[in-house]
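Heads up: the structure comes next, in structure tokens.
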Amino acid sequence: MALSLQEKILDPNQGVYLIGTTPPKAGTDKEKLENIAAKLLGRLHEIEYDGVVIYDIQDESSRTQAPRPFPFKHTVDPCEYSQLIHKLSNLDVITYKSVAQREASEFNEWLTSTKHQYGLKNLVLVGSPSSHGEIRLGLSDAYQALSQHQDEFFLGGVTIAERHASKHNEHERLLEKTSQGCEFFISQAVYNAQATIDLITSYARSCRQQGQTPKRIILTFTPCGGQKTLEFMQWLGISVPEATQWRILDAENSLSESIRICKESLDQILKSCAHLDVPLGLNIESLTNRKEEIDASINLYRLLKATMELTLAEKQIA
């Protein structure tokens with residue numbers, strides 16, 4: 001019998017390979033919504049993957065004063081889209097939820113409907129993008145509410161290597177989130193391999209010092225097709241070293257060059273972290289709805305999955 005996504009995530013000997021996507025814009029009618037989901041799954045039918053990550057897109061303009069490269073658009077409820085993707089693919093989904101906009105009582109009602117109306121249990125909770133603006137429910141309070149809820153969920157958290165590079169405490173956040181119930185972590189998109197290596201290394205050392213078993217860190221990668229996508233990545237807070245920016249922008253084919261960069265980054269991370277016994281996974285996304293970038297993300301998935309599978313096989317025979 002095939003393992004569930006939860007079982008794979010919890011088993012360090014298993015690979016975990018995910019596709020990340022954003023729900024369509026709010027107001028999309030049911031028939032068109034199903035067509036969009038079917039089209040996405042049709043593009044993915046030639047690859048084997050373990051599940052789909054459905055993001056909860058929020059207006060993050062409070063996080064930075066820089067103008068947003070692409071206009072913010074509200075999307076269909078991530079729970080609704082997760083339910084549809086699961087129905088059409090029969091694969092497990094992981095649903096993101098931003099918690100800052102609702103009171104604890106509303107959040108508890110949301111948890112109940114998420115489990116019973118939509119049949120979802122794999123969640124990643126996300127806090128406010130900044131300390132500015134109204135925060136009606138903090139992330140720690142949301143974790144506590146979930147732990148006390150009558151229904152069971154499989155909880156994951158977000159990890160940001162760039163935050164570790166500036167504050168040097170992201171590994172402590174991972175340990176704290178683990179104590180609050182997180183069983184896995186999904187990273188922000190990786191374009192700075194060294195920042196990710198530093199984070200994983202600090203996390204592994206802290207786990208060893210405290211006698212804890214490291215949780216799985218699922219690394220996100222995304223292709224970049226040019227200046228506009230690069231600006232959006234930087235607006236989101238993704239660290240792209242200057243030399244890497246010029247490699248992408250000056251290349252004859254920016255998408256192909258970005259795929260090469262992602263492959264080099266994963267190789268570097270796997271080589272540097274092989275001895276740390278932190279289970280890793282992959283999440284491949286496209287940050288735009290441009291067909292060429294979506295197609296490039298599928299090529300990127302094939303390449304990085306093969307790389308990860310080879311490393312896993314070598315580790316098992318070592």
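Ordered as shown in the structure tokens, chains take letters A, B, and onward, while each chain numbers its residues from 1 and ligands are numbered from 1 in the order shown.
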Please identify every residue of segment 163-252 of chain A that has at least one atom no farther than 12 Å from an atom of segment 301-307 of chain A, counting only C-alpha atoms, and for each give the shortest atom pair and the distance in Å to one decimal, arranged by chain then increasing number, as a tab-separated table.
residue	atom	partner	partner_atom	distance
A:Leu219	CA	A:Leu304	CA	10.6
A:Thr220	CA	A:Tyr301	CA	10.4
A:Phe221	CA	A:Tyr301	CA	8.6
A:Thr222	CA	A:Tyr301	CA	9.1
A:Pro223	CA	A:Tyr301	CA	9.9
> If you run DSSP on this backbone, which residues of segment 181-311 of chain A come out as strand (DSSP E or B), and could you give them as a VMD selection string?
Replying inline: chain A and resid 184 to 189 216 to 221 280 to 285
Take the residues that were just selected and, keeping N, CA, C and O atoms, output them as a short mmCIF file (atom, residue, chain, number, x, y, z; two decimals), in the first residue's frame.
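Final file, result_7.cif:
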data_model
loop_
_atom_site.label_atom_id
_atom_site.label_comp_id
_atom_site.auth_asym_id
_atom_site.auth_seq_id
_atom_site.Cartn_x
_atom_site.Cartn_y
_atom_site.Cartn_z
N PHE A 184 7.24 19.46 10.06
CA PHE A 184 8.07 19.66 8.87
C PHE A 184 8.11 21.15 8.58
O PHE A 184 7.33 21.93 9.13
N PHE A 185 9.03 21.54 7.70
CA PHE A 185 9.16 22.95 7.32
C PHE A 185 9.31 23.06 5.81
O PHE A 185 9.93 22.20 5.18
N ILE A 186 8.75 24.13 5.25
CA ILE A 186 8.90 24.43 3.83
C ILE A 186 9.62 25.77 3.72
O ILE A 186 9.22 26.75 4.35
N SER A 187 10.68 25.80 2.94
CA SER A 187 11.50 27.01 2.85
C SER A 187 10.92 28.00 1.85
O SER A 187 10.11 27.67 0.99
N GLN A 188 11.37 29.23 1.99
CA GLN A 188 11.19 30.21 0.92
C GLN A 188 12.07 29.78 -0.25
O GLN A 188 13.00 29.01 -0.09
N ALA A 189 11.78 30.27 -1.45
CA ALA A 189 12.54 29.87 -2.63
C ALA A 189 14.03 30.12 -2.44
O ALA A 189 14.44 31.16 -1.93
N ARG A 216 11.99 17.36 8.92
CA ARG A 216 12.30 17.51 7.49
C ARG A 216 12.17 18.97 7.06
O ARG A 216 11.22 19.67 7.44
N ILE A 217 13.13 19.40 6.24
CA ILE A 217 13.08 20.73 5.63
C ILE A 217 12.88 20.54 4.13
O ILE A 217 13.72 19.94 3.45
N ILE A 218 11.77 21.03 3.62
CA ILE A 218 11.44 20.92 2.20
C ILE A 218 11.89 22.20 1.51
O ILE A 218 11.40 23.29 1.84
N LEU A 219 12.82 22.06 0.59
CA LEU A 219 13.44 23.21 -0.07
C LEU A 219 12.64 23.61 -1.30
O LEU A 219 12.34 22.77 -2.16
N THR A 220 12.31 24.88 -1.38
CA THR A 220 11.54 25.39 -2.51
C THR A 220 12.48 25.99 -3.56
O THR A 220 13.40 26.72 -3.23
N PHE A 221 12.21 25.64 -4.81
CA PHE A 221 12.97 26.22 -5.93
C PHE A 221 11.98 26.70 -6.98
O PHE A 221 10.89 26.14 -7.15
N LEU A 280 15.67 16.13 3.89
CA LEU A 280 15.29 17.23 3.01
C LEU A 280 14.18 16.78 2.06
O LEU A 280 13.87 15.59 1.95
N GLY A 281 13.58 17.71 1.37
CA GLY A 281 12.58 17.42 0.35
C GLY A 281 12.59 18.56 -0.65
O GLY A 281 13.32 19.54 -0.49
N LEU A 282 11.76 18.43 -1.68
CA LEU A 282 11.70 19.44 -2.73
C LEU A 282 10.27 19.94 -2.92
O LEU A 282 9.31 19.17 -2.87
N ASN A 283 10.16 21.24 -3.14
CA ASN A 283 8.90 21.87 -3.53
C ASN A 283 9.22 22.81 -4.69
O ASN A 283 10.00 23.75 -4.54
N ILE A 284 8.64 22.53 -5.85
CA ILE A 284 8.94 23.33 -7.04
C ILE A 284 7.71 24.14 -7.39
O ILE A 284 6.60 23.62 -7.50
N GLU A 285 7.92 25.45 -7.58
CA GLU A 285 6.81 26.36 -7.87
C GLU A 285 7.15 27.26 -9.04
O GLU A 285 8.32 27.39 -9.43
#
>> Counting only C-alpha atoms, which residue out of A:Gln144, A:Thr213, A:Asn169, A:Gln83 sits closest to Ala104 of chain A?
In response: A:Gln144
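Between atom CA of Asn253 of chain A and atom CA of Gly226 of chain A the separation is 8.9 Å.
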Closest contacts (segment 120-217 of chain A/segment 85-89 of chain A, max 12 Å, only C-alpha atoms) as CSV:
residue,atom,partner,partner_atom,distance
A:Leu120,CA,A:His86,CA,9.3
A:Lys121,CA,A:His86,CA,11.9
A:Asn122,CA,A:His86,CA,11.8
Serialized selection, N, CA, C and O atoms, as a PDB file, in the first residue's frame:
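For reference, again29.pdb as written:
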ATOM      1  N   LEU A 120      -9.532  18.408   4.839  1.00  0.00           N
ATOM      2  CA  LEU A 120      -8.100  18.693   4.782  1.00  0.00           C
ATOM      3  C   LEU A 120      -7.479  18.564   6.166  1.00  0.00           C
ATOM      4  O   LEU A 120      -8.089  18.941   7.163  1.00  0.00           O
ATOM      5  N   LYS A 121      -6.243  18.067   6.212  1.00  0.00           N
ATOM      6  CA  LYS A 121      -5.562  17.954   7.510  1.00  0.00           C
ATOM      7  C   LYS A 121      -4.112  18.416   7.472  1.00  0.00           C
ATOM      8  O   LYS A 121      -3.517  18.651   8.515  1.00  0.00           O
ATOM      9  N   ASN A 122      -3.512  18.551   6.284  1.00  0.00           N
ATOM     10  CA  ASN A 122      -2.113  18.963   6.173  1.00  0.00           C
ATOM     11  C   ASN A 122      -2.051  20.480   6.027  1.00  0.00           C
ATOM     12  O   ASN A 122      -2.465  21.025   5.003  1.00  0.00           O
TER      13      ASN A 122
END
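Atom pair atom CA of Asp50 of chain A / atom CA of Leu10 of chain A: separated by 13.3 Å.
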> Near Glu103 of chain A, counting only C-alpha atoms, which residues have an atom at most 8 Å away, once you skip same-chain residues fewer than 4 positions from it, shown as a list in words?
Replying inline: Phe107, Arg136 and Leu137 of chain A
What lies within 12 Å of Ser82 of chain A using only C-alpha atoms, ignoring chain neighbours under 4 positions off, as an mmCIF file with N, CA and C atoms, in the first residue's frame?
data_model
loop_
_atom_site.group_PDB
_atom_site.id
_atom_site.type_symbol
_atom_site.label_atom_id
_atom_site.label_comp_id
_atom_site.auth_asym_id
_atom_site.auth_seq_id
_atom_site.Cartn_x
_atom_site.Cartn_y
_atom_site.Cartn_z
ATOM 1 N N GLY A 20 4.248 23.331 -5.922
ATOM 2 C CA GLY A 20 3.566 24.454 -5.290
ATOM 3 C C GLY A 20 2.780 25.266 -6.303
ATOM 4 N N THR A 21 1.576 25.704 -5.918
ATOM 5 C CA THR A 21 0.759 26.499 -6.829
ATOM 6 C C THR A 21 -0.124 27.459 -6.041
ATOM 7 N N THR A 22 -0.635 28.455 -6.732
ATOM 8 C CA THR A 22 -1.497 29.481 -6.154
ATOM 9 C C THR A 22 -2.918 29.301 -6.670
ATOM 10 N N PRO A 23 -3.925 29.458 -5.831
ATOM 11 C CA PRO A 23 -5.301 29.372 -6.330
ATOM 12 C C PRO A 23 -5.576 30.445 -7.379
ATOM 13 N N PRO A 24 -6.514 30.202 -8.291
ATOM 14 C CA PRO A 24 -6.911 31.234 -9.258
ATOM 15 C C PRO A 24 -7.524 32.444 -8.564
ATOM 16 N N LEU A 33 -12.891 27.138 -12.679
ATOM 17 C CA LEU A 33 -11.967 26.709 -11.636
ATOM 18 C C LEU A 33 -11.534 25.260 -11.870
ATOM 19 N N GLU A 34 -12.490 24.422 -12.187
ATOM 20 C CA GLU A 34 -12.179 23.016 -12.464
ATOM 21 C C GLU A 34 -11.318 22.878 -13.710
ATOM 22 N N ALA A 37 -7.730 23.827 -12.744
ATOM 23 C CA ALA A 37 -7.105 22.756 -11.970
ATOM 24 C C ALA A 37 -6.767 21.569 -12.858
ATOM 25 N N GLY A 51 2.535 15.271 -3.832
ATOM 26 C CA GLY A 51 1.431 16.117 -3.418
ATOM 27 C C GLY A 51 1.591 17.533 -3.928
ATOM 28 N N VAL A 52 0.586 18.355 -3.637
ATOM 29 C CA VAL A 52 0.553 19.730 -4.119
ATOM 30 C C VAL A 52 0.438 20.674 -2.923
ATOM 31 N N VAL A 53 1.229 21.732 -2.956
ATOM 32 C CA VAL A 53 1.168 22.791 -1.942
ATOM 33 C C VAL A 53 0.304 23.918 -2.490
ATOM 34 N N ILE A 54 -0.740 24.278 -1.747
ATOM 35 C CA ILE A 54 -1.629 25.365 -2.156
ATOM 36 C C ILE A 54 -1.371 26.563 -1.246
ATOM 37 N N TYR A 55 -0.909 27.666 -1.837
ATOM 38 C CA TYR A 55 -0.540 28.837 -1.051
ATOM 39 C C TYR A 55 -1.749 29.713 -0.729
ATOM 40 N N ASP A 56 -1.632 30.453 0.344
ATOM 41 C CA ASP A 56 -2.608 31.465 0.734
ATOM 42 C C ASP A 56 -1.943 32.815 0.498
ATOM 43 N N VAL A 76 -9.194 32.586 -4.931
ATOM 44 C CA VAL A 76 -10.158 31.622 -4.417
ATOM 45 C C VAL A 76 -9.648 31.100 -3.075
ATOM 46 N N ASP A 77 -10.552 30.761 -2.183
ATOM 47 C CA ASP A 77 -10.195 30.187 -0.886
ATOM 48 C C ASP A 77 -9.260 28.994 -1.088
ATOM 49 N N PRO A 78 -8.057 29.026 -0.469
ATOM 50 C CA PRO A 78 -7.116 27.912 -0.638
ATOM 51 C C PRO A 78 -7.719 26.553 -0.254
ATOM 52 N N HIS A 86 -7.248 17.831 -4.745
ATOM 53 C CA HIS A 86 -7.250 16.477 -4.171
ATOM 54 C C HIS A 86 -8.270 15.588 -4.879
ATOM 55 N N LYS A 87 -9.441 16.137 -5.142
ATOM 56 C CA LYS A 87 -10.496 15.371 -5.812
ATOM 57 C C LYS A 87 -10.069 14.938 -7.214
ATOM 58 N N LEU A 88 -9.442 15.834 -7.947
ATOM 59 C CA LEU A 88 -9.083 15.544 -9.339
ATOM 60 C C LEU A 88 -7.826 14.679 -9.467
ATOM 61 N N SER A 89 -6.912 14.797 -8.495
ATOM 62 C CA SER A 89 -5.632 14.090 -8.596
ATOM 63 C C SER A 89 -5.536 12.866 -7.702
ATOM 64 N N ASN A 90 -6.373 12.848 -6.658
ATOM 65 C CA ASN A 90 -6.301 11.803 -5.626
ATOM 66 C C ASN A 90 -4.961 11.815 -4.904
ATOM 67 N N LEU A 91 -4.298 12.972 -4.914
ATOM 68 C CA LEU A 91 -3.035 13.138 -4.202
ATOM 69 C C LEU A 91 -3.260 13.994 -2.958
ATOM 70 N N ASP A 92 -2.382 13.831 -1.991
ATOM 71 C CA ASP A 92 -2.454 14.659 -0.787
ATOM 72 C C ASP A 92 -2.093 16.103 -1.115
ATOM 73 N N VAL A 93 -2.661 17.015 -0.365
ATOM 74 C CA VAL A 93 -2.358 18.435 -0.519
ATOM 75 C C VAL A 93 -1.911 19.006 0.827
ATOM 76 N N ILE A 94 -1.122 20.066 0.749
ATOM 77 C CA ILE A 94 -0.749 20.853 1.922
ATOM 78 C C ILE A 94 -1.301 22.250 1.702
ATOM 79 N N THR A 95 -2.110 22.723 2.636
ATOM 80 C CA THR A 95 -2.786 24.002 2.482
ATOM 81 C C THR A 95 -2.188 25.041 3.420
ATOM 82 N N TYR A 96 -1.741 26.152 2.829
ATOM 83 C CA TYR A 96 -1.243 27.281 3.625
ATOM 84 C C TYR A 96 -2.426 28.093 4.162
ATOM 85 N N LYS A 97 -2.229 28.688 5.340
ATOM 86 C CA LYS A 97 -3.243 29.577 5.893
ATOM 87 C C LYS A 97 -2.576 30.728 6.635
ATOM 88 N N THR A 114 -12.301 23.396 7.843
ATOM 89 C CA THR A 114 -11.204 22.854 7.034
ATOM 90 C C THR A 114 -11.193 21.332 7.103
ATOM 91 N N LYS A 115 -11.410 20.788 8.280
ATOM 92 C CA LYS A 115 -11.372 19.336 8.455
ATOM 93 C C LYS A 115 -12.667 18.674 7.973
ATOM 94 N N GLN A 117 -15.651 20.187 6.379
ATOM 95 C CA GLN A 117 -16.253 20.591 5.113
ATOM 96 C C GLN A 117 -15.357 20.282 3.923
ATOM 97 N N TYR A 118 -14.039 20.522 4.113
ATOM 98 C CA TYR A 118 -13.114 20.355 2.998
ATOM 99 C C TYR A 118 -12.282 19.081 3.077
ATOM 100 N N GLY A 119 -12.281 18.401 4.221
ATOM 101 C CA GLY A 119 -11.560 17.139 4.352
ATOM 102 C C GLY A 119 -10.050 17.292 4.317
ATOM 103 N N LEU A 120 -9.532 18.408 4.839
ATOM 104 C CA LEU A 120 -8.100 18.693 4.782
ATOM 105 C C LEU A 120 -7.479 18.564 6.166
ATOM 106 N N LYS A 121 -6.243 18.067 6.212
ATOM 107 C CA LYS A 121 -5.562 17.954 7.510
ATOM 108 C C LYS A 121 -4.112 18.416 7.472
ATOM 109 N N ASN A 122 -3.512 18.551 6.284
ATOM 110 C CA ASN A 122 -2.113 18.963 6.173
ATOM 111 C C ASN A 122 -2.051 20.480 6.027
ATOM 112 N N LEU A 123 -1.550 21.160 7.050
ATOM 113 C CA LEU A 123 -1.582 22.615 7.074
ATOM 114 C C LEU A 123 -0.197 23.207 7.290
#
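Residue nearest Ser272 of chain A, chosen from A:Thr196, A:Gln210, A:Ser256, A:Gln316 and counting only C-alpha atoms: A:Thr196.
Between Ser265 of chain A and the candidates A:Ala296, A:Ala193, A:Ala204, A:Ala38, the tightest atom-to-atom separation, counting only C-alpha atoms, involves A:Ala193.
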> So what do you get for atom CA of Asn108 of chain A versus atom CA of Ala142 of chain A, distance-wise?
Replying inline: 8.9 Å
> Looking only at the backbone, which of the residues in segment 46-269 of chain A does DSSP tag as alpha helix (DSSP H), as number ranges by chain?
Replying inline: A: 78-89, 104-116, 139-148, 161-167, 170-179, 193-210, 227-235, 242-250, 254-269
